[in-house]
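With mmCIF, C-alpha atoms inside, this is coords36.cif:
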```
data_final
#
loop_
_atom_site.label_atom_id
_atom_site.label_comp_id
_atom_site.auth_asym_id
_atom_site.auth_seq_id
_atom_site.Cartn_x
_atom_site.Cartn_y
_atom_site.Cartn_z
CA MET A 5 15.00 97.94 45.41
CA ILE A 6 15.29 100.83 47.85
CA LEU A 7 12.61 102.07 50.23
CA LEU A 8 10.80 105.09 48.81
CA ARG A 9 8.54 107.58 50.56
CA ARG A 10 7.04 111.01 50.03
CA GLY A 11 9.74 113.64 49.46
CA ASP A 12 12.22 111.31 47.76
CA LYS A 13 13.65 112.18 44.34
CA GLY A 14 15.64 110.42 41.65
CA PRO A 15 15.58 107.66 39.04
CA GLN A 16 14.05 105.06 41.38
CA VAL A 17 11.08 107.40 41.84
CA GLU A 18 10.79 107.65 38.05
CA MET A 19 10.73 103.86 37.88
CA LEU A 20 7.99 103.81 40.53
CA GLN A 21 5.97 106.36 38.59
CA LEU A 22 6.29 104.37 35.37
CA ALA A 23 5.04 101.23 37.14
CA LEU A 24 2.06 103.10 38.59
CA LEU A 25 1.12 104.56 35.22
CA ARG A 26 1.34 101.18 33.54
CA ALA A 27 -0.80 99.71 36.32
CA GLY A 28 -3.49 102.30 35.64
CA TYR A 29 -2.87 104.90 38.34
CA ASN A 30 -2.76 108.49 37.13
CA ILE A 31 -0.06 110.86 38.35
CA LYS A 32 -0.05 114.58 37.72
CA GLY A 33 3.10 116.25 36.50
CA ARG A 34 5.34 116.78 33.50
CA ASN A 35 6.33 114.03 31.07
CA LYS A 36 3.13 112.04 31.55
CA GLY A 37 3.58 112.11 35.31
CA ILE A 38 7.17 110.84 35.36
CA ASP A 39 9.25 113.56 36.96
CA GLY A 40 11.29 111.71 39.61
CA VAL A 41 9.62 113.59 42.47
CA PHE A 42 7.66 111.60 45.07
CA GLY A 43 5.06 114.28 45.62
CA GLU A 44 1.45 114.27 46.69
CA SER A 45 -0.01 112.77 43.50
CA THR A 46 2.54 109.93 43.54
CA TYR A 47 1.82 109.36 47.24
CA LEU A 48 -1.93 109.13 46.62
CA ALA A 49 -1.38 106.78 43.66
CA VAL A 50 0.80 104.50 45.80
CA ARG A 51 -1.87 104.37 48.52
CA GLU A 52 -4.54 103.54 45.96
CA PHE A 53 -2.36 100.80 44.48
CA GLN A 54 -1.70 99.36 47.94
CA ARG A 55 -5.40 99.39 48.77
CA ASP A 56 -6.31 97.61 45.53
CA ASN A 57 -3.63 94.95 46.05
CA GLY A 58 -4.26 94.02 49.67
CA LEU A 59 -1.15 95.76 50.98
CA THR A 60 -0.62 97.94 54.01
CA VAL A 61 -1.89 101.36 52.97
CA ASP A 62 0.87 103.68 54.17
CA GLY A 63 2.13 105.34 50.98
CA VAL A 64 5.59 103.90 51.58
CA VAL A 65 7.10 101.75 48.83
CA GLY A 66 8.84 98.88 50.58
CA ALA A 67 9.58 95.29 49.58
CA ALA A 68 5.94 94.13 49.49
CA THR A 69 4.78 97.05 47.35
CA TRP A 70 7.75 96.74 45.00
CA LYS A 71 7.00 93.03 44.54
CA LYS A 72 3.51 93.88 43.29
CA LEU A 73 4.77 96.74 41.12
CA LEU A 74 7.71 95.01 39.42
CA PRO A 75 5.62 93.18 36.78
CA TYR A 76 4.60 96.59 35.47
CA ILE A 77 8.27 97.38 34.88
CA THR A 78 9.39 94.03 33.47
CA GLY A 79 6.14 93.60 31.57
CA PHE A 80 5.41 90.06 32.70
CA LEU A 81 4.46 88.02 35.73
CA ARG A 82 4.85 84.39 36.72
CA TYR A 83 1.57 82.50 36.95
CA ARG A 84 0.81 79.04 38.32
CA ILE A 85 -1.65 77.15 36.11
CA GLU A 86 -4.84 76.09 37.88
CA SER A 87 -7.54 73.57 37.00
CA GLY A 88 -9.85 74.97 34.32
CA ASP A 89 -7.32 77.51 33.04
CA THR A 90 -6.88 78.21 29.36
CA PHE A 91 -4.53 80.68 27.70
CA TYR A 92 -7.61 82.64 26.69
CA LYS A 93 -8.90 82.93 30.27
CA ILE A 94 -5.47 83.94 31.54
CA SER A 95 -5.05 86.48 28.75
CA ARG A 96 -8.39 88.12 29.57
CA ARG A 97 -7.39 88.42 33.21
CA TYR A 98 -4.10 90.16 32.47
CA GLY A 99 -4.95 92.25 29.43
CA THR A 100 -2.84 90.27 26.99
CA SER A 101 -3.49 87.68 24.25
CA SER A 102 -3.37 83.92 23.96
CA GLN A 103 -0.76 84.26 21.24
CA ALA A 104 1.47 86.41 23.45
CA ILE A 105 1.32 83.79 26.19
CA SER A 106 2.13 81.04 23.69
CA VAL A 107 5.15 82.97 22.40
CA ALA A 108 6.42 83.46 25.96
CA ASN A 109 6.00 79.75 26.76
CA PRO A 110 7.04 77.77 23.67
CA ASN A 111 7.32 74.48 25.59
CA ILE A 112 3.74 74.59 26.90
CA SER A 113 0.94 73.20 24.72
CA PRO A 114 -2.15 75.44 24.98
CA ASN A 115 -4.30 72.35 24.46
CA ASN A 116 -2.83 70.48 27.41
CA LEU A 117 -1.95 72.91 30.21
CA PRO A 118 -0.10 71.15 33.03
CA ILE A 119 -1.76 72.07 36.32
CA GLY A 120 0.77 73.55 38.75
CA ALA A 121 3.25 74.58 36.04
CA ILE A 122 4.52 78.14 36.26
CA ILE A 123 4.38 80.19 33.06
CA ASN A 124 5.37 83.71 32.03
CA VAL A 125 2.39 85.92 31.25
CA PRO A 126 3.09 89.16 29.32
CA LEU A 127 1.09 92.05 30.76
CA GLY A 128 -1.03 94.54 28.92
CA PHE A 129 -0.31 98.04 30.20
CA TYR A 130 -3.13 100.42 31.04
CA ASN A 131 -1.40 103.37 29.39
CA GLY A 132 -1.60 101.63 26.02
CA GLU A 133 2.08 100.75 25.52
CA ASN A 134 2.91 97.46 23.86
CA THR A 135 6.64 97.40 24.53
CA VAL A 136 8.60 96.96 27.75
CA THR A 137 11.19 99.52 26.67
CA TYR A 138 10.23 103.06 27.61
CA GLY A 139 12.23 105.96 26.21
CA GLU A 140 11.13 108.96 28.26
CA ILE A 141 12.69 108.04 31.59
CA SER A 142 16.13 108.29 33.19
CA TYR A 143 17.99 105.03 32.64
CA THR A 144 20.01 103.20 35.25
CA TRP A 145 21.66 99.80 35.25
CA GLU A 146 18.88 98.57 37.55
CA LEU A 147 16.16 99.69 35.15
CA LEU A 148 18.04 98.16 32.21
CA SER A 149 18.30 94.88 34.12
CA LEU A 150 14.54 94.78 34.69
CA PHE A 151 13.66 95.80 31.13
CA THR A 152 15.96 93.21 29.56
CA GLU A 153 14.65 90.52 31.93
CA GLY A 154 11.13 91.32 30.77
CA ILE A 155 11.93 91.45 27.07
CA VAL A 156 13.61 88.04 27.14
CA ALA A 157 10.74 86.58 29.19
CA ARG A 158 8.28 87.76 26.56
CA TYR A 159 10.46 86.56 23.68
CA PRO A 160 12.50 83.57 24.89
CA PHE A 161 14.08 83.06 21.47
CA LEU A 162 16.20 86.09 22.39
CA SER A 163 19.34 85.50 24.39
CA ARG A 164 20.61 87.72 27.24
CA PHE A 165 24.09 87.34 28.65
CA ASN A 166 26.99 89.36 30.06
CA ILE A 167 30.04 90.15 27.97
CA GLY A 168 31.95 91.19 31.08
CA ARG A 169 31.61 93.49 34.07
CA SER A 170 32.06 97.18 34.76
CA GLU A 171 34.60 98.65 37.13
CA LEU A 172 31.96 98.40 39.90
CA GLY A 173 31.14 94.80 38.97
CA ARG A 174 27.89 95.39 37.10
CA GLY A 175 27.11 92.97 34.30
CA LEU A 176 27.54 94.38 30.79
CA TYR A 177 24.42 93.02 29.14
CA CYS A 178 24.13 91.83 25.58
CA ILE A 179 20.95 90.68 23.84
CA SER A 180 21.08 88.71 20.59
CA PHE A 181 18.38 88.21 17.96
CA GLY A 182 18.37 85.93 14.93
CA GLN A 183 20.04 82.81 13.63
CA GLY A 184 21.60 83.99 10.38
CA ASN A 185 25.21 83.70 9.35
CA THR A 186 25.81 87.46 9.25
CA GLU A 187 26.75 88.82 12.67
CA VAL A 188 26.50 92.53 13.46
CA MET A 189 26.81 94.36 16.77
CA TYR A 190 25.31 97.65 17.95
CA ASN A 191 26.53 99.27 21.17
CA ALA A 192 25.38 102.31 23.14
CA SER A 193 26.29 104.49 26.11
CA HIS A 194 30.07 104.40 25.92
CA HIS A 195 29.63 107.93 27.26
CA ALA A 196 27.66 108.32 30.46
CA ASN A 197 25.75 111.48 29.59
CA GLU A 198 24.79 110.04 26.20
CA TRP A 199 22.61 107.39 27.84
CA ILE A 200 19.54 108.21 25.73
CA THR A 201 21.12 105.89 23.15
CA THR A 202 20.46 102.91 25.44
CA PRO A 203 16.66 102.87 24.96
CA VAL A 204 17.18 103.50 21.22
CA VAL A 205 18.96 100.19 20.65
CA LEU A 206 16.88 98.38 23.30
CA LYS A 207 13.58 99.37 21.72
CA TYR A 208 14.91 98.26 18.35
CA ILE A 209 15.76 94.74 19.49
CA GLU A 210 12.40 94.44 21.25
CA LYS A 211 10.52 95.54 18.15
CA LEU A 212 12.51 93.03 16.09
CA ALA A 213 11.46 90.27 18.48
CA LYS A 214 7.83 91.30 18.30
CA ALA A 215 7.91 91.47 14.50
CA TYR A 216 9.42 87.99 14.32
CA ALA A 217 6.93 86.52 16.79
CA PHE A 218 3.75 88.09 15.43
CA GLY A 219 4.68 89.17 11.91
CA GLY A 220 5.51 92.68 10.81
CA GLU A 221 8.31 94.93 9.67
CA VAL A 222 10.96 96.93 11.48
CA GLY A 223 12.65 99.70 9.56
CA GLY A 224 11.17 98.46 6.28
CA TYR A 225 12.29 94.84 6.62
CA SER A 226 10.38 91.79 7.78
CA GLY A 227 11.26 90.68 11.28
CA ARG A 228 11.29 87.08 10.10
CA THR A 229 13.59 87.90 7.20
CA LEU A 230 16.04 89.63 9.51
CA PHE A 231 15.88 86.68 11.94
CA GLU A 232 16.84 84.22 9.20
CA LEU A 233 19.41 86.48 7.53
CA CYS A 234 21.35 87.91 10.47
CA LYS A 235 22.38 87.59 14.07
CA ILE A 236 22.12 91.00 15.67
CA TYR A 237 23.83 91.64 19.00
CA ILE A 238 23.20 94.75 21.06
CA VAL A 239 25.24 95.93 24.02
CA PRO A 240 22.88 98.63 25.29
CA MET A 241 24.96 100.13 28.12
CA VAL A 242 28.75 99.90 27.84
CA ASN A 243 29.24 102.32 30.77
CA PRO A 244 26.63 101.52 33.45
CA ASP A 245 28.55 103.04 36.36
CA GLY A 246 28.91 106.38 34.59
CA VAL A 247 25.26 106.38 33.52
CA ASP A 248 24.17 105.78 37.11
CA LEU A 249 26.34 108.68 38.24
CA VAL A 250 24.86 111.09 35.69
CA ASN A 251 21.28 110.09 36.47
CA GLY A 252 21.53 110.37 40.23
CA TYR A 253 21.44 106.71 41.21
CA PHE A 254 24.28 106.98 43.73
CA ASP A 255 23.57 108.63 47.06
CA LYS A 256 25.57 111.82 47.47
CA ASP A 257 26.96 110.49 50.75
CA SER A 258 28.26 107.31 49.13
CA ASP A 259 31.96 106.71 48.58
CA ILE A 260 31.30 106.18 44.86
CA TYR A 261 29.72 109.61 44.45
CA LYS A 262 32.34 111.36 46.60
CA SER A 263 35.19 109.76 44.64
CA ALA A 264 33.74 110.89 41.31
CA LYS A 265 33.07 114.37 42.69
CA LYS A 266 36.71 114.58 43.76
CA LEU A 267 37.87 113.63 40.24
CA SER A 268 35.57 116.26 38.77
CA GLU A 269 37.46 118.91 40.71
CA ASN A 270 40.35 118.38 38.27
CA TYR A 271 38.12 120.13 35.72
CA PRO A 272 36.02 122.71 37.61
CA ASN A 273 34.56 124.18 34.41
CA ILE A 274 32.74 120.93 33.57
CA GLN A 275 29.36 120.69 35.23
CA PHE A 276 29.02 117.76 37.63
CA PRO A 277 27.51 115.25 37.21
CA THR A 278 25.71 116.15 33.96
CA GLY A 279 28.98 116.77 32.11
CA TRP A 280 30.32 113.33 33.01
CA LYS A 281 31.15 111.11 30.00
CA ALA A 282 33.76 108.84 31.54
CA ASN A 283 33.55 105.58 33.44
CA ILE A 284 33.49 105.72 37.23
CA LYS A 285 37.32 105.89 37.36
CA GLY A 286 37.36 109.02 35.21
CA VAL A 287 38.54 107.39 31.97
CA ASP A 288 36.79 108.22 28.69
CA LEU A 289 36.02 104.73 27.38
CA ASN A 290 35.77 105.83 23.77
CA LEU A 291 39.38 107.03 23.97
CA ASN A 292 40.68 103.79 25.47
CA TYR A 293 41.02 101.51 22.44
CA PRO A 294 44.37 100.68 20.76
CA ALA A 295 43.82 102.55 17.50
CA GLY A 296 46.08 105.58 17.58
CA TRP A 297 45.82 105.72 21.37
CA GLU A 298 49.15 107.51 21.59
CA GLN A 299 47.94 110.19 19.17
CA ALA A 300 44.73 110.57 21.19
CA ARG A 301 46.81 110.95 24.34
CA GLU A 302 48.91 113.67 22.72
CA ILE A 303 45.86 115.57 21.49
CA LYS A 304 43.91 115.34 24.73
CA PHE A 305 46.88 116.16 26.95
CA ALA A 306 47.50 119.24 24.81
CA GLN A 307 43.88 120.23 25.40
CA GLY A 308 44.44 119.91 29.15
CA TYR A 309 42.81 116.52 29.77
CA ASN A 310 45.77 114.87 31.45
CA LEU A 311 44.10 113.64 34.64
CA PRO A 312 41.11 111.38 35.35
CA GLY A 313 37.86 113.30 35.33
CA PRO A 314 34.48 113.75 33.65
CA ARG A 315 35.68 113.51 30.05
CA ASP A 316 38.48 113.12 27.50
CA TYR A 317 41.08 111.45 29.73
CA VAL A 318 42.42 108.54 27.67
CA GLY A 319 43.52 106.41 30.61
CA PRO A 320 47.00 105.21 31.61
CA PHE A 321 47.18 102.92 28.58
CA ALA A 322 44.92 101.44 25.89
CA PHE A 323 42.50 98.80 27.16
CA SER A 324 43.09 99.88 30.74
CA GLU A 325 39.41 99.75 31.73
CA ALA A 326 37.13 96.82 32.48
CA GLU A 327 34.44 98.05 30.09
CA SER A 328 36.67 98.61 27.04
CA ILE A 329 38.43 95.29 27.71
CA ALA A 330 35.08 93.50 27.84
CA LEU A 331 33.81 94.98 24.57
CA GLY A 332 37.17 94.37 22.91
CA ASN A 333 37.25 90.72 23.98
CA PHE A 334 33.63 90.23 22.92
CA THR A 335 34.46 91.66 19.51
CA ARG A 336 37.44 89.36 19.11
CA ARG A 337 35.36 86.31 20.04
CA ASN A 338 32.92 87.00 17.22
CA ALA A 339 33.04 87.69 13.51
CA PHE A 340 31.04 90.90 13.26
CA LYS A 341 30.76 92.06 9.67
CA LEU A 342 29.64 95.54 10.75
CA THR A 343 29.27 97.54 13.96
CA LEU A 344 27.33 100.63 14.98
CA SER A 345 28.40 102.66 18.01
CA TYR A 346 25.71 104.99 19.34
CA HIS A 347 26.56 108.41 20.74
CA THR A 348 25.01 111.88 20.94
CA GLN A 349 24.85 114.50 19.39
CA GLY A 350 24.89 116.10 15.93
CA ASN A 351 22.73 113.88 13.68
CA VAL A 352 25.85 112.68 11.90
CA ILE A 353 27.45 109.37 10.91
CA PHE A 354 31.23 108.97 11.09
CA TRP A 355 32.46 106.17 8.87
CA LYS A 356 36.23 106.05 8.42
CA TYR A 357 39.47 105.65 10.39
CA LEU A 358 42.67 107.11 8.89
CA ASP A 359 43.24 105.54 5.46
CA TYR A 360 41.25 102.40 6.23
CA GLU A 361 38.32 102.10 3.87
CA PRO A 362 36.84 98.61 4.23
CA GLU A 363 35.02 97.17 1.25
CA GLY A 364 31.54 98.62 0.95
CA SER A 365 31.94 101.00 3.88
CA LEU A 366 31.44 104.24 1.96
CA GLU A 367 28.52 102.89 -0.05
CA ILE A 368 26.83 101.51 3.06
CA GLY A 369 27.49 104.76 4.90
CA ARG A 370 25.72 106.71 2.17
CA LYS A 371 22.73 104.39 2.41
CA LEU A 372 22.62 104.74 6.20
CA SER A 373 22.75 108.49 5.78
CA GLU A 374 19.85 108.44 3.34
CA ALA A 375 17.79 106.12 5.56
CA SER A 376 18.25 108.24 8.69
CA GLY A 377 18.57 111.76 7.34
CA TYR A 378 21.91 112.08 9.16
CA SER A 379 24.93 113.48 7.31
CA LEU A 380 27.86 111.18 6.49
CA GLU A 381 31.17 112.73 7.55
CA LEU A 382 34.78 112.01 8.44
CA THR A 383 35.63 112.12 12.13
CA PRO A 384 37.26 115.42 13.18
CA THR A 385 41.00 115.01 13.82
CA GLU A 386 40.73 115.98 17.50
CA SER A 387 38.31 113.07 18.02
CA GLY A 388 39.71 110.75 15.38
CA TYR A 389 41.67 108.24 17.44
CA ALA A 390 41.24 105.51 20.06
CA GLY A 391 37.47 105.09 19.68
CA TYR A 392 35.73 101.74 19.40
CA LYS A 393 34.78 102.39 15.77
CA ASP A 394 38.40 103.21 14.96
CA TRP A 395 39.71 100.08 16.62
CA PHE A 396 37.07 97.85 15.01
CA ILE A 397 37.95 99.10 11.53
CA GLN A 398 41.69 98.78 12.17
CA GLU A 399 41.36 95.32 13.73
CA ASN A 400 38.96 93.77 11.21
CA ASN A 401 39.03 95.92 8.06
CA ARG A 402 35.23 95.84 8.08
CA PRO A 403 32.68 98.67 8.15
CA GLY A 404 32.21 100.38 11.49
CA TYR A 405 30.19 103.52 12.14
CA THR A 406 29.71 106.01 14.95
CA ILE A 407 26.15 107.33 14.99
CA GLU A 408 25.76 110.70 16.69
CA CYS A 409 22.07 111.18 17.50
CA GLY A 410 20.06 114.26 18.33
CA ILE A 411 20.80 117.94 18.72
CA GLY A 412 21.57 119.98 21.81
CA ILE A 413 23.54 119.75 25.03
CA ASN A 414 24.28 116.38 26.61
CA PRO A 415 22.49 114.75 28.25
CA LEU A 416 19.78 115.29 25.67
CA SER A 417 16.20 115.73 26.82
CA VAL A 418 14.08 112.58 26.75
CA ALA A 419 11.65 114.62 24.67
CA GLN A 420 13.98 113.86 21.73
CA PHE A 421 13.69 110.11 22.13
CA ASP A 422 10.88 109.47 19.64
CA THR A 423 12.54 111.61 16.96
CA ILE A 424 15.87 109.87 17.47
CA TYR A 425 14.32 106.43 17.40
CA ARG A 426 12.35 107.10 14.20
CA ALA A 427 15.54 108.16 12.41
CA ASN A 428 17.51 105.13 13.57
CA GLU A 429 15.09 102.23 13.22
CA PRO A 430 15.50 102.06 9.42
CA LEU A 431 19.24 102.67 9.77
CA MET A 432 19.71 99.67 12.06
CA SER A 433 17.72 97.30 9.88
CA LEU A 434 19.45 98.49 6.73
CA ALA A 435 22.89 98.07 8.33
CA ALA A 436 22.17 94.41 9.06
CA VAL A 437 20.90 93.73 5.56
CA GLU A 438 23.83 95.51 3.91
CA ALA A 439 26.27 93.56 6.07
CA ALA A 440 24.69 90.34 4.80
CA ASN A 441 25.36 91.50 1.25
CA LEU A 442 29.09 92.09 1.78
#
```
Rewrite the structure from the file as structure tokens, please.
Amino acid sequence: MILLRRGDKGPQVEMLQLALLRAGYNIKGRNKGIDGVFGESTYLAVREFQRDNGLTVDGVVGAATWKKLLPYITGFLRYRIESGDTFYKISRRYGTSSQAISVANPNISPNNLPIGAIINVPLGFYNGENTVTYGEISYTWELLSLFTEGIVARYPFLSRFNIGRSELGRGLYCISFGQGNTEVMYNASHHANEWITTPVVLKYIEKLAKAYAFGGEVGGYSGRTLFELCKIYIVPMVNPDGVDLVNGYFDKDSDIYKSAKKLSENYPNIQFPTGWKANIKGVDLNLNYPAGWEQAREIKFAQGYNLPGPRDYVGPFAFSEAESIALGNFTRRNAFKLTLSYHTQGNVIFWKYLDYEPEGSLEIGRKLSEASGYSLELTPTESGYAGYKDWFIQENNRPGYTIECGIGINPLSVAQFDTIYRANEPLMSLAAVEAANL
């Protein structure tokens, strides 16, 4: 965590502001006070938080202040059981419930609490949220790491692991839910400036976990039914390095930023960094799979994308990039019956690759279209090769779909998050159920 003080800007400031809001400290500004600007109201909120938590009151967010704030990002804290404690007493102290504590600590009997044992306590947030995932904030790999840590701590029947690493060595997270025989996989943020898809799939898996733990439905299906029927994997951020570039995580004086800026000069008409779709090496990951890669290369070179840069460069060869290799290997290690690849924009579902038409794919596509309100279409020829969906269909002859969410110019405004999520929650549940029926 970096040192933050008044005058700073960027995604780490947004993360700070989210933590303060969840801890009960009001901040003035747009988007519920989360604007990425460490101004006067954020400064005063930090000082108030420091005063209330026995910290040095200087308005500077250093290691000690971050340590106190982090539970309001991850959504849980570690608590050492003391004599006389009960789950009820602990829950009252931290604004949660006895049941939530029990779910987070399945190996601890509430009737026989072992003094000195350390447990995970889910936090209740003062702004009324009941999920760790937050959609109206700029995502970074660091924020994703903290959110996924918190979700799995709250729901330890989930599993979090890396499927590989990015070009900069960041772990490519995957979270799995369920124990059924039908495996499906949903991925997001192949393209850096389409990162709003990351919280869409992350919120979905968290809501599934909550519905399984406490009862309830997600997208019209019981969480417990989905848990028994399917095993749902999500890879929420295929391109973490590119996402961090778009959202301002890298200092402008860093070698990483300067290198990307230099690549962007190959295409001066593309705005930097907001127009960046590629990985940090300037390769478009969703044009790097071995499904008509040569055709994609011909098309994109003819369009002028023949050098690394912000978008549409297919790479020196198929599977040249760490991220596409990782997702490809993960796919080959599993037996996914269906995949969804999340992108923006257009409110459209692409369902086919060339003449491949896997059993049930058109029928399922029509159902997904009806559930979401998105149109079902064939991929345009200029974008019809070398994508993950194309390669999955070619490799497995099973249904694969590209979901293009939202309307507008990428990166889409976070104000669209709720609308996008509402359309896709039923789609994701339906996709898993339909895969089980294949």
Nearest residue to A:Asn400 from the set A:Thr383, A:Asn414, A:Gln420, A:Asn338 (distances using only C-alpha atoms):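 The closest residue to A:Asn400 is A:Asn338.
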Counting all atoms listed in the file, the option among A:Met5, A:Asp89, A:Tyr130, A:Gln16 closest to A:Asn30: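 Of A:Met5, A:Asp89, A:Tyr130, A:Gln16, the one nearest A:Asn30 is A:Tyr130, counting all atoms listed in the file.
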I need the residue set behind the PyMOL selection byres ((chain A and resi 216) around 10) for this file; please write it as an mmCIF file with C-alpha atoms, in the frame of the given file.
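Saved to part37.cif:
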```
data_model
loop_
_atom_site.group_PDB
_atom_site.id
_atom_site.type_symbol
_atom_site.label_atom_id
_atom_site.label_comp_id
_atom_site.auth_asym_id
_atom_site.auth_seq_id
_atom_site.Cartn_x
_atom_site.Cartn_y
_atom_site.Cartn_z
ATOM 1 C CA TYR A 159 10.460 86.560 23.680
ATOM 2 C CA PHE A 161 14.080 83.060 21.470
ATOM 3 C CA PHE A 181 18.380 88.210 17.960
ATOM 4 C CA GLY A 182 18.370 85.930 14.930
ATOM 5 C CA GLU A 210 12.400 94.440 21.250
ATOM 6 C CA LYS A 211 10.520 95.540 18.150
ATOM 7 C CA LEU A 212 12.510 93.030 16.090
ATOM 8 C CA ALA A 213 11.460 90.270 18.480
ATOM 9 C CA LYS A 214 7.830 91.300 18.300
ATOM 10 C CA ALA A 215 7.910 91.470 14.500
ATOM 11 C CA ALA A 217 6.930 86.520 16.790
ATOM 12 C CA PHE A 218 3.750 88.090 15.430
ATOM 13 C CA GLY A 219 4.680 89.170 11.910
ATOM 14 C CA GLY A 220 5.510 92.680 10.810
ATOM 15 C CA GLU A 221 8.310 94.930 9.670
ATOM 16 C CA VAL A 222 10.960 96.930 11.480
ATOM 17 C CA SER A 226 10.380 91.790 7.780
ATOM 18 C CA GLY A 227 11.260 90.680 11.280
ATOM 19 C CA ARG A 228 11.290 87.080 10.100
ATOM 20 C CA THR A 229 13.590 87.900 7.200
ATOM 21 C CA LEU A 230 16.040 89.630 9.510
ATOM 22 C CA PHE A 231 15.880 86.680 11.940
ATOM 23 C CA GLU A 232 16.840 84.220 9.200
#
```
Excluding stretch 306-316 of chain A and its own-chain neighbours fewer than 6 positions away, which residues fall within 6 Å of it when counting all atoms listed in the file? Please give them as a list in words.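 Close residues of stretch 306-316 of chain A: Leu267, Ser268, Trp280, Lys281, Ala282, Gly286, Val287 and Asp288 of chain A.
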Using all atoms listed in the file, what residues lie at most 9 Å away from (10.3, 95.8, 25.8) (file coordinates), given as a count of residues only? 18
Evaluate the PyMOL selection byres ((chain A and resi 249) around 12) here and jot the selected residues down as JSON, numbers by chain. {"A": [14, 15, 142, 143, 144, 145, 172, 195, 196, 197, 199, 243, 244, 245, 246, 247, 248, 250, 251, 252, 253, 254, 255, 256, 258, 259, 260, 261, 262, 263, 264, 265, 268, 276, 277, 278, 279, 280, 281, 282, 283, 284, 285, 286, 314]}
Target residues per the PyMOL selection byres ((chain A and resi 163-166) around 8), formatted as a list in words: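 Residues picked by the PyMOL selection byres ((chain A and resi 163-166) around 8): Thr152, Val156, Pro160, Phe161, Leu162, Ile167, Gly168, Arg169, Gly175, Leu176, Tyr177, Cys178, Ile179, Ser180 and Phe181 of chain A.
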Up to 12 Å from (11.0, 76.3, 27.3) in the file's coordinates: name the residues, counting only C-alpha atoms, as a JSON list (two decimals) with C-alpha atoms, in the coordinates of the input.
```
[["chain", "number", "residue", "atom", "x", "y", "z"],
["A", 106, "SER", "CA", 2.13, 81.04, 23.69],
["A", 107, "VAL", "CA", 5.15, 82.97, 22.40],
["A", 108, "ALA", "CA", 6.42, 83.46, 25.96],
["A", 109, "ASN", "CA", 6.00, 79.75, 26.76],
["A", 110, "PRO", "CA", 7.04, 77.77, 23.67],
["A", 111, "ASN", "CA", 7.32, 74.48, 25.59],
["A", 112, "ILE", "CA", 3.74, 74.59, 26.90],
["A", 113, "SER", "CA", 0.94, 73.20, 24.72],
["A", 121, "ALA", "CA", 3.25, 74.58, 36.04],
["A", 122, "ILE", "CA", 4.52, 78.14, 36.26],
["A", 123, "ILE", "CA", 4.38, 80.19, 33.06],
["A", 124, "ASN", "CA", 5.37, 83.71, 32.03],
["A", 157, "ALA", "CA", 10.74, 86.58, 29.19],
["A", 158, "ARG", "CA", 8.28, 87.76, 26.56],
["A", 159, "TYR", "CA", 10.46, 86.56, 23.68],
["A", 160, "PRO", "CA", 12.50, 83.57, 24.89],
["A", 161, "PHE", "CA", 14.08, 83.06, 21.47]]
```
Skipping near chain neighbours, those fewer than 3 positions away, what residues fall within 7 Å of A:Val418 using only C-alpha atoms, listed as a list in words?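 After dropping sequence-adjacent residues, the list is Gly139, Glu140, Ile141 and Phe421 of chain A.
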Calculate how many Å separate atom CA of A:Ile238 from atom CA of A:Tyr190, rounding to one decimal.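 Atom-to-atom, atom CA of A:Ile238 to atom CA of A:Tyr190, that is 4.7 Å.
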As an exercise, work out the distance from atom CA of A:Ile424 to atom CA of A:Gly410 in Å and give it to one decimal place.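 Taking atom CA of A:Ile424 and atom CA of A:Gly410, their separation equals 6.1 Å.
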Can you tell me which residues surround A:Glu325 at a distance of at most 9 Å, considering all atoms listed in the file, apart from same-chain residues fewer than 2 positions away, and format the answer as a list in words? Ser170, Glu171, Asn283, Lys285, Val287, Leu289, Asn292, Gly319, Phe321, Ala322, Phe323, Glu327, Ser328, Ile329 and Ala330 of chain A
Requested file, stretch 116-136 of chain A restricted to C-alpha atoms, as a PDB file, in the first residue's frame:
```pdb
ATOM      1  CA  ASN A 116     -17.350 -24.280  22.483  1.00  0.00           C
ATOM      2  CA  LEU A 117     -15.216 -21.307  21.434  1.00  0.00           C
ATOM      3  CA  PRO A 118     -11.509 -22.027  21.937  1.00  0.00           C
ATOM      4  CA  ILE A 119      -9.957 -19.119  23.826  1.00  0.00           C
ATOM      5  CA  GLY A 120      -7.009 -17.679  21.910  1.00  0.00           C
ATOM      6  CA  ALA A 121      -8.133 -19.027  18.529  1.00  0.00           C
ATOM      7  CA  ILE A 122      -8.148 -16.522  15.686  1.00  0.00           C
ATOM      8  CA  ILE A 123     -11.312 -16.358  13.597  1.00  0.00           C
ATOM      9  CA  ASN A 124     -12.482 -14.385  10.570  1.00  0.00           C
ATOM     10  CA  VAL A 125     -15.247 -11.914  11.381  1.00  0.00           C
ATOM     11  CA  PRO A 126     -17.228 -10.492   8.429  1.00  0.00           C
ATOM     12  CA  LEU A 127     -17.838  -6.775   8.875  1.00  0.00           C
ATOM     13  CA  GLY A 128     -21.074  -4.901   8.519  1.00  0.00           C
ATOM     14  CA  PHE A 129     -20.513  -1.731   6.499  1.00  0.00           C
ATOM     15  CA  TYR A 130     -21.923   1.580   7.656  1.00  0.00           C
ATOM     16  CA  ASN A 131     -23.060   2.546   4.155  1.00  0.00           C
ATOM     17  CA  GLY A 132     -25.463  -0.395   4.108  1.00  0.00           C
ATOM     18  CA  GLU A 133     -23.688  -2.657   1.600  1.00  0.00           C
ATOM     19  CA  ASN A 134     -23.777  -6.385   2.190  1.00  0.00           C
ATOM     20  CA  THR A 135     -21.227  -7.444  -0.410  1.00  0.00           C
ATOM     21  CA  VAL A 136     -17.471  -6.956  -0.579  1.00  0.00           C
TER      22      VAL A 136
END
```
